[in-house]
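Data from input_6.pdb: PDB, C-alpha atoms
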```
ATOM      1  CA  MET A   1       0.000   0.000   0.000
ATOM      2  CA  ALA A   2       2.880   2.419   0.702
ATOM      3  CA  THR A   3       3.587   4.757  -2.200
ATOM      4  CA  THR A   4       5.952   7.597  -2.942
ATOM      5  CA  LEU A   5       4.548  11.135  -2.846
ATOM      6  CA  ALA A   6       4.108  12.222  -6.466
ATOM      7  CA  THR A   7       2.106  15.458  -6.274
ATOM      8  CA  ARG A   8       2.849  18.464  -4.110
ATOM      9  CA  TYR A   9      -0.479  19.740  -2.790
ATOM     10  CA  LEU A  10       0.675  22.296  -0.192
ATOM     11  CA  THR A  11       2.855  25.378  -0.404
ATOM     12  CA  ASP A  12       5.755  25.992   1.950
ATOM     13  CA  ALA A  13       3.651  28.713   3.599
ATOM     14  CA  GLN A  14       0.797  26.291   4.283
ATOM     15  CA  ILE A  15       3.179  23.735   5.783
ATOM     16  CA  ALA A  16       4.792  26.400   7.996
ATOM     17  CA  GLY A  17       1.343  27.635   9.018
ATOM     18  CA  TYR A  18       0.303  24.166  10.149
ATOM     19  CA  HIS A  19       3.392  23.776  12.327
ATOM     20  CA  GLN A  20       2.992  27.287  13.756
ATOM     21  CA  ASP A  21      -0.763  27.248  14.390
ATOM     22  CA  GLY A  22      -1.501  23.535  14.740
ATOM     23  CA  TYR A  23      -4.173  23.461  12.054
ATOM     24  CA  LEU A  24      -4.682  23.978   8.343
ATOM     25  CA  ALA A  25      -7.784  24.457   6.181
ATOM     26  CA  VAL A  26      -7.648  23.443   2.510
ATOM     27  CA  PRO A  27     -10.754  24.267   0.444
ATOM     28  CA  ARG A  28     -12.323  21.856  -2.054
ATOM     29  CA  VAL A  29      -9.834  19.001  -1.982
ATOM     30  CA  ILE A  30     -12.449  16.420  -3.007
ATOM     31  CA  ASP A  31     -14.614  17.182  -6.049
ATOM     32  CA  GLY A  32     -18.385  17.464  -5.988
ATOM     33  CA  ALA A  33     -19.125  14.115  -7.654
ATOM     34  CA  GLN A  34     -17.073  12.228  -5.072
ATOM     35  CA  VAL A  35     -18.654  14.164  -2.219
ATOM     36  CA  ASP A  36     -22.108  13.306  -3.578
ATOM     37  CA  ALA A  37     -21.117   9.641  -3.722
ATOM     38  CA  LEU A  38     -19.896   9.758  -0.115
ATOM     39  CA  ARG A  39     -23.196  11.321   0.925
ATOM     40  CA  ARG A  40     -25.133   8.512  -0.767
ATOM     41  CA  VAL A  41     -23.045   5.893   1.004
ATOM     42  CA  THR A  42     -23.631   7.704   4.288
ATOM     43  CA  ASP A  43     -27.389   7.853   3.685
ATOM     44  CA  GLY A  44     -27.279   4.089   3.165
ATOM     45  CA  PHE A  45     -25.672   3.585   6.577
ATOM     46  CA  VAL A  46     -28.317   5.777   8.210
ATOM     47  CA  GLU A  47     -30.996   3.643   6.566
ATOM     48  CA  ARG A  48     -29.303   0.477   7.859
ATOM     49  CA  SER A  49     -29.242   1.901  11.378
ATOM     50  CA  ARG A  50     -33.039   1.656  11.567
ATOM     51  CA  GLY A  51     -32.490  -1.977  12.507
ATOM     52  CA  ALA A  52     -30.143  -1.134  15.408
ATOM     53  CA  ALA A  53     -31.608  -0.819  18.889
ATOM     54  CA  ARG A  54     -28.334   0.077  20.606
ATOM     55  CA  SER A  55     -24.836   1.265  19.717
ATOM     56  CA  ASP A  56     -22.660  -1.459  18.224
ATOM     57  CA  ALA A  57     -19.439  -1.960  16.266
ATOM     58  CA  VAL A  58     -20.651   0.275  13.423
ATOM     59  CA  PHE A  59     -23.219   2.702  14.827
ATOM     60  CA  ASP A  60     -23.017   5.123  17.745
ATOM     61  CA  LEU A  61     -26.686   5.894  18.289
ATOM     62  CA  ASP A  62     -28.035   9.101  19.741
ATOM     63  CA  PRO A  63     -30.367   8.438  22.727
ATOM     64  CA  ARG A  64     -33.214   9.813  20.570
ATOM     65  CA  HIS A  65     -32.652   7.208  17.844
ATOM     66  CA  THR A  66     -35.642   5.122  16.754
ATOM     67  CA  ALA A  67     -36.330   2.868  13.784
ATOM     68  CA  ALA A  68     -38.844   5.410  12.510
ATOM     69  CA  ALA A  69     -36.498   8.388  12.954
ATOM     70  CA  PRO A  70     -32.847   7.244  12.989
ATOM     71  CA  VAL A  71     -30.336   9.557  14.690
ATOM     72  CA  LEU A  72     -26.639   8.690  14.563
ATOM     73  CA  ARG A  73     -23.868  10.430  16.422
ATOM     74  CA  ARG A  74     -21.152   8.520  14.598
ATOM     75  CA  ILE A  75     -20.413   5.797  12.054
ATOM     76  CA  LYS A  76     -17.458   3.859  13.462
ATOM     77  CA  ASN A  77     -14.518   2.658  11.387
ATOM     78  CA  PRO A  78     -16.027   3.792   8.071
ATOM     79  CA  ALA A  79     -12.854   2.869   6.159
ATOM     80  CA  ASP A  80     -13.478  -0.759   7.208
ATOM     81  CA  ASN A  81     -17.057  -0.732   6.083
ATOM     82  CA  ASP A  82     -17.207   0.731   2.573
ATOM     83  CA  PRO A  83     -14.706   0.977  -0.317
ATOM     84  CA  LEU A  84     -15.457   4.660  -0.907
ATOM     85  CA  TYR A  85     -14.677   5.574   2.692
ATOM     86  CA  ARG A  86     -11.466   3.573   2.379
ATOM     87  CA  TRP A  87     -10.592   5.429  -0.823
ATOM     88  CA  ALA A  88     -10.918   8.740   1.041
ATOM     89  CA  ALA A  89      -8.599   7.503   3.788
ATOM     90  CA  PHE A  90      -6.007   5.659   1.672
ATOM     91  CA  ASP A  91      -6.050   6.745  -1.974
ATOM     92  CA  SER A  92      -7.513  10.246  -2.225
ATOM     93  CA  PRO A  93      -5.221  13.307  -2.097
ATOM     94  CA  ILE A  94      -5.634  13.354   1.702
ATOM     95  CA  PRO A  95      -2.755  10.989   2.668
ATOM     96  CA  ASP A  96      -0.447  12.775   0.218
ATOM     97  CA  ILE A  97      -1.273  16.065   1.941
ATOM     98  CA  VAL A  98      -0.594  14.450   5.322
ATOM     99  CA  ALA A  99       2.754  13.140   4.063
ATOM    100  CA  GLN A 100       3.783  16.704   3.233
ATOM    101  CA  LEU A 101       3.082  17.723   6.829
ATOM    102  CA  ILE A 102       4.445  14.802   8.887
ATOM    103  CA  GLY A 103       5.985  12.433   6.329
ATOM    104  CA  PRO A 104       7.386  11.199   4.132
ATOM    105  CA  SER A 105       6.450   7.946   5.884
ATOM    106  CA  ILE A 106       2.961   7.868   7.411
ATOM    107  CA  ARG A 107       0.568   5.333   8.894
ATOM    108  CA  PHE A 108      -3.216   5.241   9.074
ATOM    109  CA  HIS A 109      -4.489   5.422  12.644
ATOM    110  CA  HIS A 110      -8.297   5.333  12.592
ATOM    111  CA  SER A 111     -11.448   6.643  10.917
ATOM    112  CA  LYS A 112     -14.861   7.853  12.065
ATOM    113  CA  LEU A 113     -17.751   9.790  10.589
ATOM    114  CA  ASN A 114     -19.295  12.300  12.969
ATOM    115  CA  MET A 115     -22.930  13.035  12.177
ATOM    116  CA  LYS A 116     -24.556  16.330  13.164
ATOM    117  CA  GLY A 117     -28.148  16.033  12.044
ATOM    118  CA  SER A 118     -30.264  19.121  11.494
ATOM    119  CA  LEU A 119     -31.547  20.655  14.751
ATOM    120  CA  ILE A 120     -30.299  17.641  16.712
ATOM    121  CA  GLY A 121     -26.532  17.257  16.278
ATOM    122  CA  ALA A 122     -24.717  17.246  19.610
ATOM    123  CA  ALA A 123     -21.946  19.567  20.728
ATOM    124  CA  VAL A 124     -18.395  18.299  21.215
ATOM    125  CA  GLU A 125     -16.858  19.793  24.340
ATOM    126  CA  VAL A 126     -13.387  21.359  24.519
ATOM    127  CA  HIS A 127     -10.757  18.610  24.241
ATOM    128  CA  GLN A 128      -7.450  17.412  22.766
ATOM    129  CA  ASP A 129      -7.105  14.183  20.809
ATOM    130  CA  ALA A 130      -3.741  13.435  22.448
ATOM    131  CA  ALA A 131      -5.588  12.696  25.685
ATOM    132  CA  PHE A 132      -7.284   9.736  23.961
ATOM    133  CA  TYR A 133      -4.441   8.124  21.992
ATOM    134  CA  PRO A 134      -0.987   9.369  23.135
ATOM    135  CA  HIS A 135       2.036   8.489  20.993
ATOM    136  CA  SER A 136       5.798   8.498  21.384
ATOM    137  CA  ASN A 137       6.108  11.685  19.328
ATOM    138  CA  ASP A 138       3.797  14.504  18.292
ATOM    139  CA  ASP A 139       3.557  13.936  14.541
ATOM    140  CA  VAL A 140      -0.048  12.819  14.854
ATOM    141  CA  LEU A 141      -3.000  14.600  13.261
ATOM    142  CA  ALA A 142      -6.615  14.265  12.173
ATOM    143  CA  VAL A 143      -8.106  15.281   8.828
ATOM    144  CA  GLY A 144     -11.785  16.219   8.648
ATOM    145  CA  LEU A 145     -13.428  15.951   5.225
ATOM    146  CA  LEU A 146     -16.653  17.952   5.074
ATOM    147  CA  LEU A 147     -19.547  16.166   3.381
ATOM    148  CA  ASP A 148     -21.670  19.296   3.906
ATOM    149  CA  ASP A 149     -20.957  23.009   4.075
ATOM    150  CA  ALA A 150     -19.851  23.865   7.626
ATOM    151  CA  SER A 151     -21.100  27.020   9.343
ATOM    152  CA  ALA A 152     -21.488  28.479  12.809
ATOM    153  CA  ALA A 153     -25.155  27.488  12.752
ATOM    154  CA  ASN A 154     -24.603  23.800  12.000
ATOM    155  CA  GLY A 155     -21.709  23.252  14.392
ATOM    156  CA  ALA A 156     -18.487  23.846  12.467
ATOM    157  CA  MET A 157     -15.329  22.905  14.353
ATOM    158  CA  ALA A 158     -13.530  25.645  16.275
ATOM    159  CA  VAL A 159      -9.786  25.529  17.011
ATOM    160  CA  LEU A 160      -7.448  27.476  19.283
ATOM    161  CA  PRO A 161      -4.345  28.303  17.207
ATOM    162  CA  GLY A 162      -1.022  27.580  18.871
ATOM    163  CA  SER A 163      -2.517  25.527  21.694
ATOM    164  CA  HIS A 164      -0.700  22.423  20.366
ATOM    165  CA  ARG A 165       2.491  23.969  21.724
ATOM    166  CA  GLY A 166       1.027  24.085  25.232
ATOM    167  CA  PRO A 167       0.205  21.369  27.778
ATOM    168  CA  ILE A 168      -2.018  18.356  27.370
ATOM    169  CA  TYR A 169      -4.729  19.132  29.898
ATOM    170  CA  THR A 170      -6.318  16.545  32.143
ATOM    171  CA  HIS A 171      -9.449  14.984  30.689
ATOM    172  CA  TYR A 172     -10.387  13.417  34.032
ATOM    173  CA  ASP A 173     -12.978  15.004  36.289
ATOM    174  CA  GLY A 174     -12.529  15.713  39.997
ATOM    175  CA  GLN A 175     -13.737  12.201  40.855
ATOM    176  CA  GLY A 176     -11.060  10.585  38.709
ATOM    177  CA  ARG A 177     -13.348   9.615  35.831
ATOM    178  CA  PHE A 178     -12.099  10.055  32.269
ATOM    179  CA  VAL A 179     -14.760  12.295  30.727
ATOM    180  CA  GLY A 180     -13.106  13.195  27.422
ATOM    181  CA  CYS A 181     -12.959  16.968  27.852
ATOM    182  CA  LEU A 182     -11.147  19.703  29.753
ATOM    183  CA  ARG A 183     -12.268  20.724  33.221
ATOM    184  CA  ASP A 184     -14.229  23.957  33.490
ATOM    185  CA  ASP A 185     -11.426  25.785  35.325
ATOM    186  CA  ASP A 186      -8.931  24.928  32.568
ATOM    187  CA  VAL A 187     -11.380  26.039  29.883
ATOM    188  CA  ALA A 188     -11.887  29.322  31.748
ATOM    189  CA  ARG A 189      -8.141  30.022  31.588
ATOM    190  CA  LEU A 190      -7.993  29.594  27.811
ATOM    191  CA  ASP A 191      -8.078  32.770  25.735
ATOM    192  CA  ARG A 192     -10.753  31.682  23.287
ATOM    193  CA  ARG A 193     -11.028  35.161  21.794
ATOM    194  CA  HIS A 194      -8.436  33.957  19.284
ATOM    195  CA  ALA A 195     -10.385  30.836  18.330
ATOM    196  CA  VAL A 196     -10.929  30.165  14.628
ATOM    197  CA  LEU A 197     -14.216  28.764  13.350
ATOM    198  CA  LEU A 198     -13.576  26.453  10.396
ATOM    199  CA  GLU A 199     -16.454  27.473   8.125
ATOM    200  CA  LEU A 200     -15.718  25.728   4.829
ATOM    201  CA  PRO A 201     -17.635  24.364   1.823
ATOM    202  CA  ALA A 202     -18.285  20.654   1.291
ATOM    203  CA  GLY A 203     -15.303  18.812  -0.161
ATOM    204  CA  SER A 204     -12.867  20.893   1.893
ATOM    205  CA  ILE A 205     -10.635  19.476   4.600
ATOM    206  CA  HIS A 206      -9.358  20.814   7.881
ATOM    207  CA  ILE A 207      -6.350  19.288   9.571
ATOM    208  CA  HIS A 208      -5.504  19.599  13.256
ATOM    209  CA  HIS A 209      -2.538  18.509  15.368
ATOM    210  CA  TYR A 210      -3.569  15.980  17.969
ATOM    211  CA  ARG A 211      -2.524  18.290  20.836
ATOM    212  CA  LEU A 212      -4.587  21.213  19.494
ATOM    213  CA  VAL A 213      -7.481  22.377  21.682
ATOM    214  CA  HIS A 214     -10.729  22.219  19.692
ATOM    215  CA  TRP A 215     -14.500  21.860  20.040
ATOM    216  CA  SER A 216     -17.773  22.315  18.177
ATOM    217  CA  ALA A 217     -21.199  23.716  18.991
ATOM    218  CA  PRO A 218     -24.496  21.865  18.544
ATOM    219  CA  ASN A 219     -26.288  22.034  15.219
ATOM    220  CA  THR A 220     -29.062  24.606  15.558
ATOM    221  CA  SER A 221     -29.773  24.798  11.812
ATOM    222  CA  THR A 222     -31.868  22.747   9.410
ATOM    223  CA  ALA A 223     -28.702  21.747   7.481
ATOM    224  CA  GLU A 224     -26.718  18.610   8.256
ATOM    225  CA  ARG A 225     -23.001  18.734   9.069
ATOM    226  CA  ARG A 226     -21.369  15.370   8.430
ATOM    227  CA  LEU A 227     -17.614  15.170   8.966
ATOM    228  CA  LEU A 228     -15.520  12.196   7.826
ATOM    229  CA  ILE A 229     -12.430  12.104  10.039
ATOM    230  CA  ASN A 230      -9.282  10.131   9.273
ATOM    231  CA  SER A 231      -6.334  10.195  11.652
ATOM    232  CA  TYR A 232      -2.716   9.566  10.700
ATOM    233  CA  THR A 233       0.673   9.340  12.379
ATOM    234  CA  ALA A 234       4.275   9.588  11.314
ATOM    235  CA  ALA A 235       5.440   6.029  10.727
ATOM    236  CA  ASP A 236       7.909   6.300  13.624
ATOM    237  CA  ALA A 237       5.250   7.436  16.138
ATOM    238  CA  VAL A 238       4.357   4.495  18.380
ATOM    239  CA  SER A 239       1.103   4.356  20.330
ATOM    240  CA  PHE A 240       1.357   4.141  24.113
ATOM    241  CA  MET A 241      -2.076   2.498  24.335
ATOM    242  CA  PRO A 242      -3.544  -0.664  22.806
ATOM    243  CA  ASP A 243      -5.887  -0.267  19.851
ATOM    244  CA  THR A 244      -9.528   0.017  20.846
ATOM    245  CA  THR A 245     -11.114   0.351  17.411
ATOM    246  CA  GLY A 246     -10.844  -3.320  16.475
ATOM    247  CA  SER A 247      -9.976  -2.260  12.935
ATOM    248  CA  PRO A 248      -7.470  -4.391  10.988
ATOM    249  CA  LEU A 249      -6.405  -1.210   9.170
ATOM    250  CA  VAL A 250      -4.823   0.441  12.226
ATOM    251  CA  GLY A 251      -1.122   1.020  11.611
ATOM    252  CA  THR A 252      -1.227   0.451   7.853
ATOM    253  CA  LEU A 253       1.775   2.093   6.198
ATOM    254  CA  LEU A 254       0.315   4.379   3.520
ATOM    255  CA  ARG A 255       3.293   6.372   2.279
ATOM    256  CA  GLY A 256       7.059   5.958   2.521
ATOM    257  CA  THR A 257       9.043   3.120   4.092
ATOM    258  CA  PRO A 258       8.903   1.360   7.472
ATOM    259  CA  PRO A 259      11.110   3.024  10.116
ATOM    260  CA  ALA A 260      13.987   1.260  11.831
ATOM    261  CA  VAL A 261      13.448   3.077  15.146
ATOM    262  CA  ALA A 262      10.679   4.716  17.151
ATOM    263  CA  ARG A 263      11.106   8.474  17.641
ATOM    264  CA  ARG A 264      10.409   9.962  21.077
ATOM    265  CA  THR A 265       9.350  13.423  22.236
ATOM    266  CA  ALA A 266      10.766  14.388  25.637
ATOM    267  CA  GLY A 267       8.451  14.990  28.577
ATOM    268  CA  ASP A 268       5.572  13.301  30.356
ATOM    269  CA  MET A 269       2.504  12.124  28.460
ATOM    270  CA  PRO A 270      -0.789  11.712  30.343
ATOM    271  CA  LEU A 271      -2.467   8.367  29.730
ATOM    272  CA  PRO A 272      -6.170   7.617  29.283
ATOM    273  CA  PRO A 273      -7.793   4.589  30.899
ATOM    274  CA  ASP A 274      -7.601   1.223  29.165
ATOM    275  CA  PHE A 275     -10.532   1.609  26.796
ATOM    276  CA  ARG A 276     -10.545  -2.115  26.100
ATOM    277  CA  GLN A 277     -12.762  -2.301  29.188
ATOM    278  CA  GLY A 278     -15.449  -0.467  27.219
ATOM    279  CA  TYR A 279     -15.619   2.589  24.981
ATOM    280  CA  THR A 280     -18.403   3.879  22.758
ATOM    281  CA  SER A 281     -17.453   7.402  21.693
ATOM    282  CA  ILE A 282     -16.442  10.839  22.880
ATOM    283  CA  TYR A 283     -20.146  11.731  22.980
ATOM    284  CA  GLU A 284     -20.866   9.076  25.593
ATOM    285  CA  LEU A 285     -17.874  10.113  27.701
ATOM    286  CA  GLN A 286     -18.773  13.795  27.603
ATOM    287  CA  THR A 287     -22.353  13.005  28.628
ATOM    288  CA  GLU A 288     -20.980  12.507  32.141
ATOM    289  CA  THR A 289     -19.786  16.099  32.220
ATOM    290  CA  ARG A 290     -23.084  17.498  30.933
ATOM    291  CA  ARG A 291     -24.919  15.523  33.623
TER     292      ARG A 291
END
```
Any chance you could give the structure as structure tokens?
Amino acid sequence: MATTLATRYLTDAQIAGYHQDGYLAVPRVIDGAQVDALRRVTDGFVERSRGAARSDAVFDLDPRHTAAAPVLRRIKNPADNDPLYRWAAFDSPIPDIVAQLIGPSIRFHHSKLNMKGSLIGAAVEVHQDAAFYPHSNDDVLAVGLLLDDASAANGAMAVLPGSHRGPIYTHYDGQGRFVGCLRDDDVARLDRRHAVLLELPAGSIHIHHYRLVHWSAPNTSTAERRLLINSYTAADAVSFMPDTTGSPLVGTLLRGTPPAVARRTAGDMPLPPDFRQGYTSIYELQTETRR
């Protein structure tokens, strides 16, 4: 599967901007016909979910989900479950763009499709991905491919530029439970006046460093906001935690050559609990905080 990078998609300024700010937005990476096809595939999964009564290996169901009115929070491991999702993760321009940022050798980490249905899509509280899947070095990122136009009204992602160069905050509450988001007092100390809302048209991607502080508001509009997320690592970044996705694709080398050594970043790295004991999604974890 590993290939050599043939096309240069990013400018030097874009690459420098990612490393400085911890995020990058690239408009219209995937053309309209392919986005339409991804939407149709996604609609098919929503239709299939009518037969699910509880969250399972594919569907993370919203508590309001019914067979008559299906409501998904997430499609899990989409790259495992449809060739078009796998194309987006493995063979579209996306991994070549990632290789320009953290390559040349990169691995696939995981995929998910976050669903924000009209007038019902849930918020995602302030968090950092590094708290969920820490690695030996910091060349780890997530790429969100927008299947719909993203706006303030339908819950576009917001990021705090430069926060990837700061600490990894605790994602445990005062009772020692891992709740998947920052504590209120840490959020209060953040200067969110400098936050950037990633309002982009469908087919665009936004990329964020896994230490970057980010969040999204609920969908208060009548428009959907579906976000296909694929995460990648430098090939020499080694996970500190066992895989919890169950996907056979985790760790697939997509570009470059296998490394001879693991690269380490100095300093302490907070660890999450062992999610093999049970994990549904960030939405379920953050429900504890909202309660």
- Message: Need the shell around Thr287 of chain A: protein/DNA/RNA residues with any atom at most 10 Å away, counting all atoms listed in the file. Skip same-chain ones fewer than 5 positions apart. Format as an MDAnalysis selection string?
- Response: chainID A and resid 124:125 179:180 282
- With a distance cut-off of 12 Å and all atoms listed in the file, select the neighbouring residues of Asp268 of chain A, excluding the residue or stretch itself and same-chain residues fewer than 4 positions from it, and output the selection as a ChimeraX atom specification. /A:134-137,167-169,240,264
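Between Ile75 of chain A and the residues A:Ile106, A:Ala142, A:Ala262, A:Met115, the shortest atom-to-atom distance, using all atoms listed in the file, involves A:Met115.
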- Which protein, DNA or RNA residues have an atom at most 6 Å from (-14.8, 24.1, 21.8), counting all atoms listed in the file? List them as a PyMOL selection string. chain A and resi 125-126+158+214-216
Taking a cut-off of 6 Å and counting all atoms listed in the file, can you build a table that, for each residue of segment 48-161 of chain A near segment 202-208 of chain A, reports the nearest atom pair and how far apart they are in Å (one decimal), sorted by chain then residue number, as CSV?
```
residue,atom,partner,partner_atom,distance
A:Leu141,CA,A:His208,CA,5.6
A:Ala142,CA,A:His208,CA,5.6
A:Val143,CA,A:Ile207,CA,4.4
A:Gly144,CA,A:His206,CA,5.3
A:Leu145,CA,A:Ile205,CA,4.5
A:Leu146,CA,A:Ala202,CA,4.9
A:Leu147,CA,A:Ala202,CA,5.1
A:Asp148,CA,A:Ala202,CA,4.5
A:Asp149,CA,A:Ala202,CA,4.5
```
- Counting all atoms listed in the file, the residue of A:Ala150, A:Leu285, A:Leu119, A:Ala195 that sits nearest Thr220 of chain A: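 Using all atoms listed in the file, the shortest distance to Thr220 of chain A belongs to A:Leu119.
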- Query: With distances taken over all atoms listed in the file, which of A:Gln14, A:Gln20, A:Thr42, A:Thr170 is nearest to Ala79 of chain A?
  - Reply: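 Of the candidates, the smallest distance to Ala79 of chain A is held by A:Thr42.
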- Task: Could you tell me which residues the PyMOL selection byres ((chain A and resi 245) around 8) returns for this structure, as a PyMOL selection string?
- Result: chain A and resi 77+110+243-244+246-247
- Message: Can you tell me which residues surround Ser118 of chain A at a distance of at most 10 Å, considering all atoms listed in the file, apart from same-chain residues fewer than 5 positions away, and format the answer as a list in words?
- Response: Ala153, Asn154, Gly155, Pro218, Asn219, Thr220, Ser221, Thr222, Ala223, Glu224 and Arg225 of chain A
- Using only C-alpha atoms, which of A:Trp87, A:Phe108, A:Tyr210, A:Tyr133 sits nearest Asn230 of chain A? A:Phe108
